[in-house]
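Chemist: Pasting a structure below so you can have a look.
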Amino acid sequence: MITETTSGNRGLLQAEPLIFETGHATGTGVDLPAPQGLKSNLGSLTRKAALDLPGLSEPETMRHFVRLSQKNYAIDLGLFPLGSCTMKHNPRLNERAARFEGFADLHPLQPTSTIQGALELMDELAHWLCTLTGMPAVALSPKAGAHGEMCGMLAIKAALEARGEGDKRKRVLVPSSAHGTNPATAAAAGFTVDEVKGDEDGRVDLEDVTAKLGPDVAAIMITNPNTCGLFEPDIKKIADAVHAAGAYFYCDGANYNAIVGKVRPGDLGVDAMHINLHKTFSTPHGGGGPGAGPTVLSAALAPFAPVPHIVLRGDTRELREHTQGTQAFGRMCAFHGQMGMFTRALTYMMSHGSDGLRQVAEDAVLNANYLLARLKPHFSAPFGDRLCMHEVLLDDSSIKPQGVETIDVAKALLDEGYHPFTTYFPLVVHGAMLIEPTETEPKRELDRFADVMIALAERVKAGEVEFFKQAPKLTPMRRLDDTRAARQPKLRWRRGENDTATKHAAE
Amino acid sequence: MRYLPLTDVDREQMLKVIGAKNIDDLFVDVPKGALLKDLVDLPKAAGEIEVHRHLQRLAEKNTPAGRTAFFLGAGAYRHHVPASVDHLIQRSEFLTAYTPYQPEIAQGTLQALYEFQSQVAQLLDMEVANASMYDGSTGCAEAAMMAARVTKRKKIVFSGGVHPHYIDTARTACEALGLEIVALPAAVDDEAAVTKELGPDVACVIVQSPNVFGTVTDLTKIGEAAHGAGALMVATFTECVSFGLIEPAGAMGADIVCGEGQSIGNALNFGGPYVGLFAVKEKLIRQMPGRVAGETIDADGKRGFVLTLSTREQHIRREKATSNICTNSGLCQLAWTIHMTLLGEEGLRKLAVLNHEKAIQLADALDKVSGVEVLTKRFFNEIALKLTKPAQEVVDKLAEKGVIGGVAMSRLNPKAGMDNVLITCATEMNTEADIAAHAAALKDVLA
């Protein structure tokens, strides 16, 4: 087998240096009209030093980024079973709609007479989100899930202040299985975090919640279905206890895909919940963003929703952009939120309809349970005697004695052509492997993936530890040295400094 | 349903393997009564034709910027984005990838992030940049909180030139943490006023150049004064094309430079998604919010990139994280990097000069209109005008004439006492005919 080539390329996979190593300051991929030579009024504030930004012509730019793209895994290439991330198919009609001139070429501060369609779209999206969740109001402006969490927690804070209990209620209960954003958000909103235990079944411990509730508790933040892939069966009792203690119930909506169209969070006693449009409603993840985190609010919290608000006057929609004269807690961002994601999400919802969205939840849960049924004879499934929701939770306890851990299975999956599951999360399960297939996987893909996982379990049994430790071998890069990256942070190219590639070539 | 691959036969077989009789058996943990029997009260599934038609009708109820003589800025700018940018960001491998947590199969995203960070650092003349924030306003709020962490002080001072929505956004985030916001009265050209507020409790001063009125300011002395008082200087901006022509804040002593990157690579999109640029001095990186990519080597010694310094972040540090932030603005950041690669230094400098010249032409044309006073003396592509009539009224009347002429300061900050101030902006997209139309319409409206 050829392992090294002269070019550094490997067949279709092209080696690609940094733009700083190929481009130069006089290269360019744009043709602009010549300036007229008018006299500037900037005087000494004109930029003096070189920017040293490389430019590439259009063909070079295309090649550079196409070559880079080929080093990425993507949902369009195959199963992307990242638990808690809901990597589903991204319909291309959404992309087309978001690019309609009437949406894309619209400035956020245009006179309202010229943006009536945009405001109507936002109202329609709000109607869909409120109807699906059974909640009376939604704040559309949060820009991502964690930003939505912040919006919900600030609404809770404002409601407490309006009750005169702002100074008294400072504690927020967060289960140990929560996403890291929950405690981080509670802290950033000025609360203290009190961890709630999970019970042996992977659920929030109702007794521990009840014991920890008190007159100083502002809220509880619960993910439901939870991060172990289970629906919290005591959710209503928890909500009732929380409300009886004068606190609010924040629900992390990251796992909403499991219940959309089947269960309305409003019926469970939720006061606030963010909805990741990039998860449940299929807006693309884009290699890490942009997301969107509209946050639905109960009647108790609705008056405190941040500006802007859309106000209907007769047939015309207006924007209320300032908090004066309202109880709004403030503003989440400069403008109206992620309009480009609103367009995509509404397109997705209308395509599915009430029937299709319910089918989404059902197929997502069916796919996960099917994988659980196929995998649990071969891996340890900590809650595997129960049905799961849309995620399968395995751990490495059955393979660890042979010397193979979760990370090794993940890396072996890379060679098999799969993006791995979520590793080591939730933290409450040691060596967790959290698998979320989503509803857009056909049965044959699930079977193929299950076959691969089972074959890997067989390799562990056969004692092929080195096979796992050496993986991945077939990916564009082998295992990367995280420790080195963190100890000697090198976060940018600098002229004359960043010559690893040259050095490597010389060696 | 076109997006759902399972057939009824599949579903039946799968239920059998699971050992369930019907689908609702799988929802057994849902409390009684909470599992909906009926469909929610919303329309049923629709085909591409119908959905396309509906969305198109909504879009057609709007007036796109390009169909008018268009002069809005104030935080979002209409620039030309080369066709290749949108094509590249729609490649499946970028569009439908996740956060690059598995670097062996995400080098495309990671290298592009590293290139982005390098370009941002070069553009702003700063030591290091992160992998982007949600947008300029949220990045500015994060900068304020970061300054409070670094200095262990609680007061944040905003100049009267910072975009009012940026101040509102920061106020919402900072006051929740018990930080105090001091926002100086709106002022066209007085960034330096922040230095009068300096004291032992001030974490940072936040200034903007070009500011919301378009004024370009030398920040050097402000930075020196802030540092003398043990505070940081945070410099924000809304128009990043300006740094192709004007001295960036990094060269004038800023500790944190943050602002909006939308101008490069990204359409107006009615306010989002955008891309926040965020850069700091190297000594502050462990207090920096947000993702960051770094260089390393793989098991074969080859150069590669990973997300790094994650011990600052929420998924490791939980309530002790530097920020609750989880995502960056991935695709918008990629679009920025691609567009900046197409521009290069020469292209960016030319683009910036074109913008400046259009603004000079606009200022000259409007200055001749009776009832208009140009307030901004040193500007990049945006200017503030004092009119003889309330600016919001003027904006609405201009719109009736097909001119989207500017943003009334009273819309951004009703309490500024600047009801007659209009903020107007020109870019390379404006033609001489647009500028003439603006001047003519304004003359009519003010008459």
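Chain labels follow the order of the structure tokens: the first chain is A, the next B, and so on; residue numbering restarts at 1 in every chain, and ligands are counted from 1 in their shown order.
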What lies within 7 Å of stretch 30-37 of chain A using only C-alpha atoms, ignoring chain neighbours under 5 positions off, as a ChimeraX atom specification?
Modeler: /B:342-343,347,353-354
Chemist: Give me the residues near B:Ile181 as a ChimeraX atom specification, where near means some atom within 10 Å (using only C-alpha atoms) and where sequence neighbours in that chain fewer than 2 positions away do not count.
Modeler: /B:144,154-158,167-168,170-172,174-175,178-179,183-184,202
Chemist: Need to verify the contact set: stretch 10-20 of chain A, 10 Å, only C-alpha atoms, exclusion of same-chain residues closer than 2 positions in sequence. Can you return it as a ChimeraX atom specification?
Modeler: /A:2-8,22-25,52-56,60-61,63-68,70-71,476,493-495,498,501-502 /B:108,111-112,114-115,118-119,303,341
Chemist: Write out as a ChimeraX atom specification which residues come within 6 Å of stretch 374-391 of chain B when counting only C-alpha atoms, dropping same-chain ones fewer than 2 positions away.
Modeler: /A:41-42 /B:213-216,355-356,359,371-372,393-394,408,419-426
Chemist: When you draw a straight line from atom CA of A:Thr283 to atom CA of A:Glu391, how long is it in Å?
Modeler: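 Going from atom CA of A:Thr283 over to atom CA of A:Glu391 covers 19.8 Å.
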Chemist: Any idea what's packed within 9 Å of B:Lys221, counting only C-alpha atoms, ignoring anything in its chain fewer than 6 positions away? Could you give it as a ChimeraX atom specification?
Modeler: /B:192,252-253
Chemist: I need the residues from that last selection saved to file as a short mmCIF file (atom, residue, chain, number, x, y, z; two decimals), in the first residue's frame (with C-alpha atoms), if you can.
Modeler:
data_model
loop_
_atom_site.label_atom_id
_atom_site.label_comp_id
_atom_site.auth_asym_id
_atom_site.auth_seq_id
_atom_site.Cartn_x
_atom_site.Cartn_y
_atom_site.Cartn_z
CA ALA B 192 -12.66 60.65 24.71
CA MET B 252 -4.07 52.25 19.05
CA GLY B 253 -3.71 50.21 22.23
#
Chemist: Hey, which of A:Ala432, A:Leu38, A:Val460, A:Leu393 ends up closest to chain B? Count only C-alpha atoms.
Modeler: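 That would be A:Leu38, the residue with the smallest distance to chain B.
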Chemist: Compile the contact shell of A:Thr114 as a ChimeraX atom specification: residues with an atom at most 12 Å away, counting only C-alpha atoms, same-chain residues fewer than 5 positions apart removed.
Modeler: /A:102-103,105-109,119-120,316-318 /B:58-65,67-68,270,395-396,398-400,402-404
Chemist: Determine, counting only C-alpha atoms, which protein, DNA and RNA residues have an atom within 6 Å of an atom of stretch 25-39 of chain B; residues of the same chain fewer than 4 positions away are not included. Present the result as a list in words.
Modeler: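 Residues near the query, excluding close chain neighbours: Phe231, Pro233, Lys262, Val263 and Ser354 of chain A.
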Chemist: Write to file, as a PDB file, in the first residue's frame, the residues of the selection just made, with N, CA and C atoms.
Modeler:
ATOM      1  N   PHE A 231     -37.325   9.946  28.859  1.00  0.00           N
ATOM      2  CA  PHE A 231     -38.336  10.923  29.234  1.00  0.00           C
ATOM      3  C   PHE A 231     -38.438  10.902  30.758  1.00  0.00           C
ATOM      4  N   PRO A 233     -40.308  10.632  33.773  1.00  0.00           N
ATOM      5  CA  PRO A 233     -41.695  10.267  34.057  1.00  0.00           C
ATOM      6  C   PRO A 233     -42.323  11.108  35.169  1.00  0.00           C
ATOM      7  N   LYS A 262     -46.034  15.423  19.479  1.00  0.00           N
ATOM      8  CA  LYS A 262     -46.582  14.323  20.298  1.00  0.00           C
ATOM      9  C   LYS A 262     -46.910  14.797  21.713  1.00  0.00           C
ATOM     10  N   VAL A 263     -46.050  15.660  22.242  1.00  0.00           N
ATOM     11  CA  VAL A 263     -46.208  16.150  23.614  1.00  0.00           C
ATOM     12  C   VAL A 263     -45.951  17.644  23.588  1.00  0.00           C
ATOM     13  N   SER A 354     -48.549  19.364  10.611  1.00  0.00           N
ATOM     14  CA  SER A 354     -48.816  18.767  11.929  1.00  0.00           C
ATOM     15  C   SER A 354     -48.612  17.258  11.892  1.00  0.00           C
TER      16      SER A 354
END
Chemist: Which is closer to B:Gly304 than all the others in B:Pro103, B:Val275, B:His79, B:Lys16, using only C-alpha atoms?
Modeler: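 Distance minimum relative to B:Gly304 lands on B:Pro103.
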